[in-house]
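Peer 1: One file is attached below, start.txt, containing compact mmCIF, C-alpha atoms.
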# COMPACT_ATOMS: atom_id res chain seq x y z
CA MET A 276 51.30 122.88 148.51
CA LYS A 277 54.05 125.37 147.81
CA LYS A 278 56.69 122.88 148.87
CA ARG A 279 55.22 120.25 146.55
CA TRP A 280 55.31 122.72 143.65
CA LEU A 281 58.93 123.60 144.33
CA LEU A 282 59.82 119.92 144.51
CA LEU A 283 58.10 119.26 141.17
CA VAL A 284 59.96 122.16 139.52
CA SER A 285 63.24 120.89 140.95
CA LEU A 286 62.61 117.39 139.61
CA VAL A 287 61.77 118.74 136.14
CA LEU A 288 64.92 120.88 136.06
CA SER A 289 67.00 117.95 137.19
CA LEU A 290 65.51 115.81 134.42
CA PHE A 291 66.30 118.45 131.79
CA THR A 292 69.85 118.79 133.13
CA TYR A 293 70.34 115.02 133.01
CA GLN A 294 69.02 114.78 129.48
CA ALA A 295 71.20 117.70 128.33
CA ASN A 296 74.29 116.12 129.86
CA ALA A 297 73.44 112.79 128.25
CA ILE A 298 73.02 114.40 124.83
CA ASN A 299 76.29 116.31 125.23
CA SER A 300 78.05 113.08 126.17
CA VAL A 301 76.73 111.32 123.06
CA VAL A 302 77.70 114.22 120.79
CA LEU A 303 81.16 114.38 122.36
CA ALA A 304 81.62 110.64 121.98
CA GLN A 305 80.51 110.79 118.34
CA SER A 306 82.89 113.68 117.74
CA GLU A 307 85.77 111.78 119.31
CA ASP A 308 84.91 108.66 117.28
CA ALA A 309 84.81 110.73 114.09
CA SER A 310 88.20 112.24 114.82
CA GLN A 311 89.60 108.70 115.10
CA THR A 312 88.49 107.73 111.60
CA VAL A 313 90.67 108.09 108.51
CA ASP A 314 88.72 108.10 105.24
CA VAL A 315 90.74 107.02 102.20
CA ALA A 316 89.68 108.01 98.66
CA SER A 317 90.88 105.09 96.58
CA SER A 318 90.83 103.72 93.08
CA PRO A 319 91.10 99.94 92.60
CA GLY A 320 94.68 98.99 91.82
CA PRO A 321 98.15 98.36 93.21
CA TYR A 322 98.47 101.47 95.38
CA THR A 323 95.26 100.83 97.31
CA ASP A 324 96.23 97.15 97.63
CA LEU A 325 99.61 98.21 99.02
CA PHE A 326 97.95 100.61 101.46
CA VAL A 327 95.39 98.07 102.71
CA THR A 328 97.90 95.22 103.06
CA TYR A 329 100.84 96.98 104.69
CA VAL A 330 99.92 100.49 105.85
CA GLN A 331 96.38 100.14 107.19
CA PRO A 332 97.33 97.68 109.97
CA ILE A 333 99.86 100.19 111.34
CA ILE A 334 97.27 102.97 111.36
CA GLU A 335 94.73 100.76 113.13
CA GLU A 336 97.30 99.72 115.72
CA SER A 337 97.64 103.45 116.49
CA GLY A 338 93.95 103.64 117.40
CA TYR A 339 92.42 104.87 114.14
CA GLU A 340 89.67 103.25 112.12
CA VAL A 341 90.34 103.21 108.36
CA VAL A 342 87.43 103.48 105.93
CA ILE A 343 88.10 102.90 102.22
CA HIS A 344 85.90 104.82 99.76
CA ASP A 345 86.12 103.49 96.19
CA PHE A 346 86.05 105.87 93.22
CA THR A 347 86.14 104.92 89.57
CA GLU A 348 87.97 108.13 88.60
CA LEU A 349 90.95 109.81 90.26
CA LEU A 350 89.40 113.21 89.59
CA LEU A 351 86.36 112.33 91.72
CA ALA A 352 88.62 110.94 94.45
CA ASN A 353 90.55 114.22 94.54
CA GLU A 354 87.33 116.22 94.66
CA SER A 355 86.26 114.25 97.73
CA VAL A 356 89.55 115.01 99.50
CA LEU A 357 89.28 118.67 98.57
CA GLU A 358 85.71 119.01 99.89
CA GLY A 359 86.53 117.09 103.09
CA SER A 360 84.40 113.96 102.70
CA THR A 361 87.63 111.93 102.59
CA ASP A 362 91.07 112.58 104.06
CA LEU A 363 93.73 111.29 101.68
CA ASN A 364 94.61 109.70 98.38
CA VAL A 365 97.57 107.53 97.33
CA GLU A 366 96.87 107.20 93.60
CA GLN A 367 98.58 110.20 91.94
CA HIS A 368 101.96 111.69 91.12
CA LEU A 369 103.05 115.30 91.62
CA LEU A 370 102.25 116.42 88.08
CA TYR A 371 98.66 115.26 88.40
CA MET A 372 98.23 116.87 91.82
CA GLU A 373 99.66 120.18 90.66
CA ASN A 374 97.43 120.22 87.58
CA PHE A 375 94.40 119.42 89.73
CA ASN A 376 95.18 122.25 92.15
CA GLU A 377 95.59 124.68 89.28
CA GLU A 378 92.35 123.69 87.57
CA ARG A 379 90.24 123.39 90.74
CA ASP A 380 91.90 126.13 92.80
CA GLY A 381 92.74 123.31 95.21
CA ASN A 382 94.96 123.09 98.26
CA LEU A 383 96.11 119.48 98.07
CA VAL A 384 99.67 118.84 99.22
CA SER A 385 102.04 115.89 99.21
CA LEU A 386 103.48 114.42 102.39
CA GLY A 387 106.10 112.62 100.32
CA SER A 388 106.70 109.93 97.72
CA ILE A 389 105.53 106.34 98.14
CA PRO A 390 106.47 103.07 96.36
CA THR A 391 105.59 103.34 92.67
CA LEU A 392 105.21 101.07 89.65
CA PRO A 393 107.06 102.43 86.60
CA ALA A 394 105.61 102.59 83.12
CA SER A 395 107.18 99.97 80.86
CA LEU A 396 107.58 98.99 77.22
CA TYR A 397 105.93 95.64 76.37
CA GLY A 398 105.87 93.46 73.30
CA GLY A 399 102.71 92.94 71.31
CA ARG A 400 103.28 91.02 68.09
CA LYS A 401 107.01 91.14 68.84
CA SER A 402 108.79 89.79 71.88
CA SER A 403 112.13 91.61 72.06
CA LEU A 404 113.60 95.07 71.54
CA GLU A 405 115.93 93.70 68.87
CA GLU A 406 112.99 92.84 66.61
CA VAL A 407 112.03 96.48 66.04
CA ALA A 408 111.73 97.24 62.35
CA GLU A 409 110.70 99.88 59.83
CA GLY A 410 107.09 100.99 60.26
CA ASP A 411 106.37 99.12 63.51
CA ILE A 412 103.21 100.19 65.35
CA VAL A 413 103.69 101.38 68.94
CA SER A 414 100.72 102.29 71.12
CA ILE A 415 101.18 104.75 73.98
CA PRO A 416 98.84 106.49 76.47
CA GLU A 417 97.06 109.60 75.23
CA ASP A 418 96.91 111.58 78.50
CA ALA A 419 99.63 114.21 78.78
CA SER A 420 101.76 112.93 81.67
CA ASN A 421 101.75 109.27 80.59
CA LEU A 422 102.37 110.23 76.96
CA THR A 423 105.49 112.08 78.11
CA ARG A 424 106.65 109.03 80.04
CA ALA A 425 106.10 106.82 76.99
CA LEU A 426 108.16 109.06 74.72
CA LEU A 427 111.01 109.04 77.23
CA ILE A 428 110.93 105.23 77.26
CA LEU A 429 111.04 105.09 73.46
CA GLU A 430 114.04 107.42 73.53
CA LYS A 431 115.67 105.23 76.18
CA ALA A 432 115.19 102.27 73.83
CA GLY A 433 117.07 104.23 71.15
CA TRP A 434 114.07 104.26 68.81
CA ILE A 435 113.45 108.03 68.72
CA THR A 436 115.29 111.24 69.60
CA LEU A 437 113.53 114.05 71.46
CA ASP A 438 114.30 117.75 71.25
CA PRO A 439 117.04 118.35 73.87
CA GLU A 440 115.81 121.92 74.33
CA VAL A 441 112.54 120.66 75.85
CA GLU A 442 112.37 119.74 79.54
CA PRO A 443 112.00 115.93 79.94
CA GLY A 444 108.73 116.31 81.84
CA ASP A 445 107.19 118.43 79.06
CA VAL A 446 107.90 116.48 75.87
CA GLU A 447 105.10 115.89 73.37
CA LEU A 448 104.75 114.06 70.07
CA ASN A 449 105.85 117.10 68.07
CA ASP A 450 109.13 117.12 70.06
CA ILE A 451 110.32 113.98 68.24
CA ILE A 452 113.15 115.17 66.02
CA GLU A 453 114.38 111.77 64.82
CA ASN A 454 112.39 108.59 64.15
CA PRO A 455 114.82 106.34 62.22
CA TYR A 456 112.47 103.33 62.16
CA ASN A 457 109.53 105.49 61.04
CA LEU A 458 107.53 104.06 63.92
CA GLU A 459 103.79 104.58 63.72
CA ILE A 460 103.07 105.91 67.22
CA ILE A 461 99.37 105.76 68.06
CA THR A 462 97.78 107.16 71.20
CA MET A 463 94.83 105.76 73.13
CA ALA A 464 93.35 105.61 76.62
CA SER A 465 95.68 103.67 78.91
CA LEU A 466 92.95 101.18 79.83
CA ASN A 467 92.55 100.23 76.18
CA ILE A 468 96.21 99.37 75.59
CA PRO A 469 96.43 95.87 77.19
CA PRO A 470 93.52 94.32 75.24
CA THR A 471 94.90 95.73 71.97
CA LEU A 472 98.41 94.25 72.35
CA PRO A 473 97.78 91.60 69.65
CA ASP A 474 97.14 94.42 67.16
CA VAL A 475 100.41 96.36 67.68
CA ASP A 476 104.10 95.53 67.66
CA TYR A 477 104.92 97.23 70.97
CA ALA A 478 103.15 99.25 73.64
CA VAL A 479 103.98 101.44 76.61
CA ILE A 480 101.73 100.72 79.59
CA PRO A 481 101.64 102.57 82.95
CA GLY A 482 102.47 100.33 85.91
CA SER A 483 99.03 100.43 87.54
CA ILE A 484 97.31 99.57 84.24
CA ALA A 485 99.63 96.61 83.66
CA TYR A 486 98.99 95.46 87.24
CA ASP A 487 95.21 95.54 86.78
CA ALA A 488 95.56 93.66 83.47
CA GLU A 489 97.68 91.00 85.25
CA ILE A 490 100.69 91.75 83.08
CA THR A 491 103.76 90.94 85.16
CA SER A 492 106.97 92.90 85.44
CA GLU A 493 108.79 89.90 83.97
CA GLN A 494 107.02 90.58 80.67
CA ALA A 495 108.37 94.14 80.42
CA LEU A 496 111.04 94.70 77.78
CA LEU A 497 112.20 98.04 79.22
CA ASN A 498 111.27 100.07 82.31
CA GLU A 499 111.22 103.84 82.54
CA ASP A 500 113.68 105.83 84.62
CA LEU A 501 111.23 107.44 87.02
CA LEU A 502 111.44 111.23 87.20
CA PRO A 503 110.97 112.65 90.74
CA GLU A 504 107.66 114.25 89.76
CA LEU A 505 106.29 110.88 88.58
CA TYR A 506 106.57 109.02 91.88
CA LEU A 507 103.21 108.41 93.51
CA GLN A 508 102.44 110.66 96.46
CA LEU A 509 100.66 110.59 99.81
CA VAL A 510 98.20 113.45 99.22
CA VAL A 511 96.09 115.34 101.80
CA ARG A 512 94.56 118.80 102.18
CA GLU A 513 97.00 121.45 103.29
CA ASP A 514 95.15 122.05 106.57
CA GLN A 515 95.49 118.34 107.44
CA ALA A 516 99.20 117.97 106.71
CA ASP A 517 100.22 118.19 110.37
CA ALA A 518 97.38 116.02 111.71
CA GLU A 519 98.46 113.12 113.90
CA TRP A 520 96.93 110.51 111.58
CA ALA A 521 98.70 112.04 108.57
CA GLN A 522 102.07 111.81 110.28
CA ILE A 523 101.36 108.24 111.36
CA ILE A 524 100.64 107.27 107.75
CA ARG A 525 103.77 109.03 106.48
CA GLY A 526 105.81 107.20 109.11
CA ALA A 527 104.20 103.89 108.16
CA TYR A 528 105.29 104.20 104.52
CA ASP A 529 108.83 104.96 105.71
CA SER A 530 108.92 102.11 108.24
CA GLU A 531 111.14 99.07 107.82
CA GLU A 532 108.04 96.90 108.22
CA VAL A 533 106.29 98.35 105.17
CA GLN A 534 109.48 98.57 103.12
CA ALA A 535 110.16 94.88 103.78
CA GLY A 536 106.56 94.04 102.88
CA VAL A 537 106.85 95.88 99.56
CA LYS A 538 110.06 94.05 98.69
CA GLU A 539 108.50 90.70 99.58
CA ASN A 540 105.44 91.56 97.45
CA ALA A 541 107.73 92.42 94.54
CA GLU A 542 109.54 89.09 94.81
CA THR A 543 106.49 86.85 95.26
CA GLU A 544 104.13 88.59 92.79
CA ASP A 545 106.74 89.74 90.24
CA ILE A 546 105.78 93.39 90.62
CA ASN A 547 108.44 95.97 89.86
CA TRP A 548 107.98 98.30 92.84
CA VAL A 549 110.37 101.24 92.92
CA ILE A 550 110.91 102.47 96.48
CA PRO A 551 111.76 106.19 96.90
CA GLU A 552 115.16 106.86 98.43
Could I get this file's structure written as structure tokens?
Peer 2:
Amino acid sequence: MKKRWLLLVSLVLSLFTYQANAINSVVLAQSEDASQTVDVASSPGPYTDLFVTYVQPIIEESGYEVVIHDFTELLLANESVLEGSTDLNVEQHLLYMENFNEERDGNLVSLGSIPTLPASLYGGRKSSLEEVAEGDIVSIPEDASNLTRALLILEKAGWITLDPEVEPGDVELNDIIENPYNLEIITMASLNIPPTLPDVDYAVIPGSIAYDAEITSEQALLNEDLLPELYLQLVVREDQADAEWAQIIRGAYDSEEVQAGVKENAETEDINWVIPE
């Protein structure tokens, strides 16, 4: 009887040990699978398209699964990276990232610049720069960083003069010191500029907005000279900057394969990609 009891206890303990090992194996496997997943916080547009078409295949060839999470607002995408529900974002320039970190006490960092679409000056009721005339209406984005870019483009066109004492990345409407054509410069949300082109003479449109509105680079009358802080960035949390997957993605953007793909995309789709040097 005693031997039978000992045998029963031994069998029960063995069963518990087996089940515990099985559970540990499942948890370990799930943990390993999770570590092999890269979650991308994206906003519909050219930069996500570029990532999915040319960069994602390289990541997957390295053994990682890529999951795209769509967000309607860049702010929400950044919040998800900051809180850890996603790993990276490829939709913002340095100025935006730095402002986000300051306002949210964030720790997002850039792993480097990626191909970028410049903001450009487009015709509305007019079709060339030479047609500019007294009192023309020019619409530009209302958000701070894109408004600055628009003013720099108008200065490049020779239509306004900005205060030389102000840093180029900080100019605002009240920094216009000369406006010889008395242009009526109106500000609005970037998304609203393309549909209102028939109501203005000219407009400055950010590259991603023009892309989404199917306005080609060929239609641009003048492109901006991109400032370093306005190139799009590969953005991650500071504690993830040295992760293997992060370095693989950085290397993918720098690879000849992706660079060639971007150039081919520019030629076939008439998209004015600017590749960082």
Peer 1: Counting only C-alpha atoms, note down every residue that has an atom within 9 Å of the point (107.5, 95.4, 88.3) (file coordinates), as a compact mmCIF listing (two decimals) with C-alpha atoms, in the frame of the given file.
Peer 2:
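This is the output file selection-v8.txt:
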# COMPACT_ATOMS: atom_id res chain seq x y z
CA LEU A 392 105.21 101.07 89.65
CA PRO A 393 107.06 102.43 86.60
CA SER A 395 107.18 99.97 80.86
CA GLY A 482 102.47 100.33 85.91
CA TYR A 486 98.99 95.46 87.24
CA THR A 491 103.76 90.94 85.16
CA SER A 492 106.97 92.90 85.44
CA GLU A 493 108.79 89.90 83.97
CA ALA A 495 108.37 94.14 80.42
CA ASN A 498 111.27 100.07 82.31
CA ALA A 541 107.73 92.42 94.54
CA GLU A 544 104.13 88.59 92.79
CA ASP A 545 106.74 89.74 90.24
CA ILE A 546 105.78 93.39 90.62
CA ASN A 547 108.44 95.97 89.86
CA TRP A 548 107.98 98.30 92.84
CA VAL A 549 110.37 101.24 92.92
Peer 1: Taking all atoms listed in the file into account, produce a table as JSON lines in which each residue of region 457-533 of chain A with an atom at most 12 Å from an atom of region 416-423 of chain A appears once, together with its shortest atom pair and the distance in Å to one decimal, ordered by chain and rising number.
Peer 2:
{"residue": "A:Ile460", "atom": "CA", "partner": "A:Pro416", "partner_atom": "CA", "distance": 10.2}
{"residue": "A:Ile461", "atom": "CA", "partner": "A:Glu417", "partner_atom": "CA", "distance": 8.5}
{"residue": "A:Thr462", "atom": "CA", "partner": "A:Glu417", "partner_atom": "CA", "distance": 4.8}
{"residue": "A:Met463", "atom": "CA", "partner": "A:Glu417", "partner_atom": "CA", "distance": 4.9}
{"residue": "A:Ala464", "atom": "CA", "partner": "A:Pro416", "partner_atom": "CA", "distance": 5.6}
{"residue": "A:Ser465", "atom": "CA", "partner": "A:Pro416", "partner_atom": "CA", "distance": 4.9}
{"residue": "A:Leu466", "atom": "CA", "partner": "A:Pro416", "partner_atom": "CA", "distance": 8.6}
{"residue": "A:Asn467", "atom": "CA", "partner": "A:Pro416", "partner_atom": "CA", "distance": 8.9}
{"residue": "A:Ile468", "atom": "CA", "partner": "A:Pro416", "partner_atom": "CA", "distance": 7.6}
{"residue": "A:Pro469", "atom": "CA", "partner": "A:Pro416", "partner_atom": "CA", "distance": 10.9}
{"residue": "A:Ala478", "atom": "CA", "partner": "A:Pro416", "partner_atom": "CA", "distance": 8.9}
{"residue": "A:Val479", "atom": "CA", "partner": "A:Pro416", "partner_atom": "CA", "distance": 7.2}
{"residue": "A:Ile480", "atom": "CA", "partner": "A:Pro416", "partner_atom": "CA", "distance": 7.2}
{"residue": "A:Pro481", "atom": "CA", "partner": "A:Asn421", "partner_atom": "CA", "distance": 7.1}
{"residue": "A:Gly482", "atom": "CA", "partner": "A:Asn421", "partner_atom": "CA", "distance": 10.4}
{"residue": "A:Ser483", "atom": "CA", "partner": "A:Asn421", "partner_atom": "CA", "distance": 11.6}
{"residue": "A:Ile484", "atom": "CA", "partner": "A:Pro416", "partner_atom": "CA", "distance": 10.5}
{"residue": "A:Glu499", "atom": "CA", "partner": "A:Thr423", "partner_atom": "CA", "distance": 11.0}
{"residue": "A:Leu501", "atom": "CA", "partner": "A:Thr423", "partner_atom": "CA", "distance": 11.6}
{"residue": "A:Leu502", "atom": "CA", "partner": "A:Thr423", "partner_atom": "CA", "distance": 10.9}
{"residue": "A:Glu504", "atom": "CA", "partner": "A:Ser420", "partner_atom": "CA", "distance": 10.1}
{"residue": "A:Leu505", "atom": "CA", "partner": "A:Ser420", "partner_atom": "CA", "distance": 8.5}
{"residue": "A:Tyr506", "atom": "CA", "partner": "A:Ser420", "partner_atom": "CA", "distance": 11.9}
Peer 1: Using all atoms listed in the file, which of the listed residues (A:Asp487, A:Asp500, A:Glu552, A:Glu409) sits closest to Pro455 (chain A)?
Peer 2: A:Glu409
Peer 1: At what distance in Å, to one decimal, does CA of His368 (chain A) lie from CA of Ile412 (chain A)?
Peer 2: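 Pair CA of Ile412 (chain A) / CA of His368 (chain A) returns 28.2 Å.
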Peer 1: Using all atoms listed in the file, pick whichever of A:Ala535, A:Trp520, A:Lys431, A:Pro503 has the shortest atom-to-atom distance to Gly338 (chain A).
Peer 2: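 Of all the options, A:Trp520 lies closest to Gly338 (chain A).
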Peer 1: What gap, in Å, lies between CA of Val413 (chain A) and CA of Val475 (chain A)?
Peer 2: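 Here the two named atoms are 6.1 Å from each other.
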Peer 1: Select all residues near (88.9, 109.1, 106.7) (cut-off 12 Å, inclusive, file coordinates), counting all atoms listed in the file, and output them as a VMD selection string.
Peer 2: chain A and resid 308 to 317 331 334 339 to 344 355 to 356 359 to 364 511 515 520 to 521 524
Peer 1: Give me, please, the distance in Å between CA of Ile550 (chain A) and CA of Ile389 (chain A), quoted to one decimal.
Peer 2: 6.8 Å
Peer 1: For a quick check of understanding, using all atoms listed in the file, which of A:Leu404, A:Ala488, A:Leu509, A:Ile435 has the smallest distance to Asn457 (chain A)?
Peer 2: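 Comparing A:Leu404, A:Ala488, A:Leu509, A:Ile435 against Asn457 (chain A), the winner is A:Ile435.
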Peer 1: Excluding same-chain residues fewer than 6 positions from Tyr329 (chain A), what lies within 9 Å of it counting all atoms listed in the file, as a list in words?
Peer 2: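 The residues that qualify are Ala527, Tyr528, Glu532, Val533, Gln534, Gly536 and Val537 of chain A.
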Peer 1: Need the shell around Asn449 (chain A): protein/DNA/RNA residues with any atom at most 10 Å away, counting only C-alpha atoms. Skip same-chain ones fewer than 2 positions apart. Format as a list in words?
Peer 2: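 Skipping anything fewer than 2 positions along the chain leaves Leu437, Asp438, Val446, Glu447, Ile451 and Ile452 of chain A.
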Peer 1: Please write out, as JSON, where the centre of an axis-aligned box around all listed atoms of region 383-395 of chain A lies and how long its edges are, in Å to one decimal, after adding 5 Å on each side.
Peer 2:
{"center_x": 101.6, "center_y": 109.7, "center_z": 91.6, "size_x": 21.1, "size_y": 29.5, "size_z": 31.5}
Peer 1: Nearest residue to Gly526 (chain A) out of A:Ser388, A:Leu325, A:Ala352, A:Arg512, using only C-alpha atoms?
Peer 2: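 Nearest candidate to Gly526 (chain A) out of A:Ser388, A:Leu325, A:Ala352, A:Arg512: A:Ser388.
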Peer 1: If you count all atoms listed in the file, which residues fall within 9 Å of Pro319 (chain A), apart from same-chain ones fewer than 2 positions away, as a ChimeraX atom specification?
Peer 2: /A:317,321-324,345-347,487
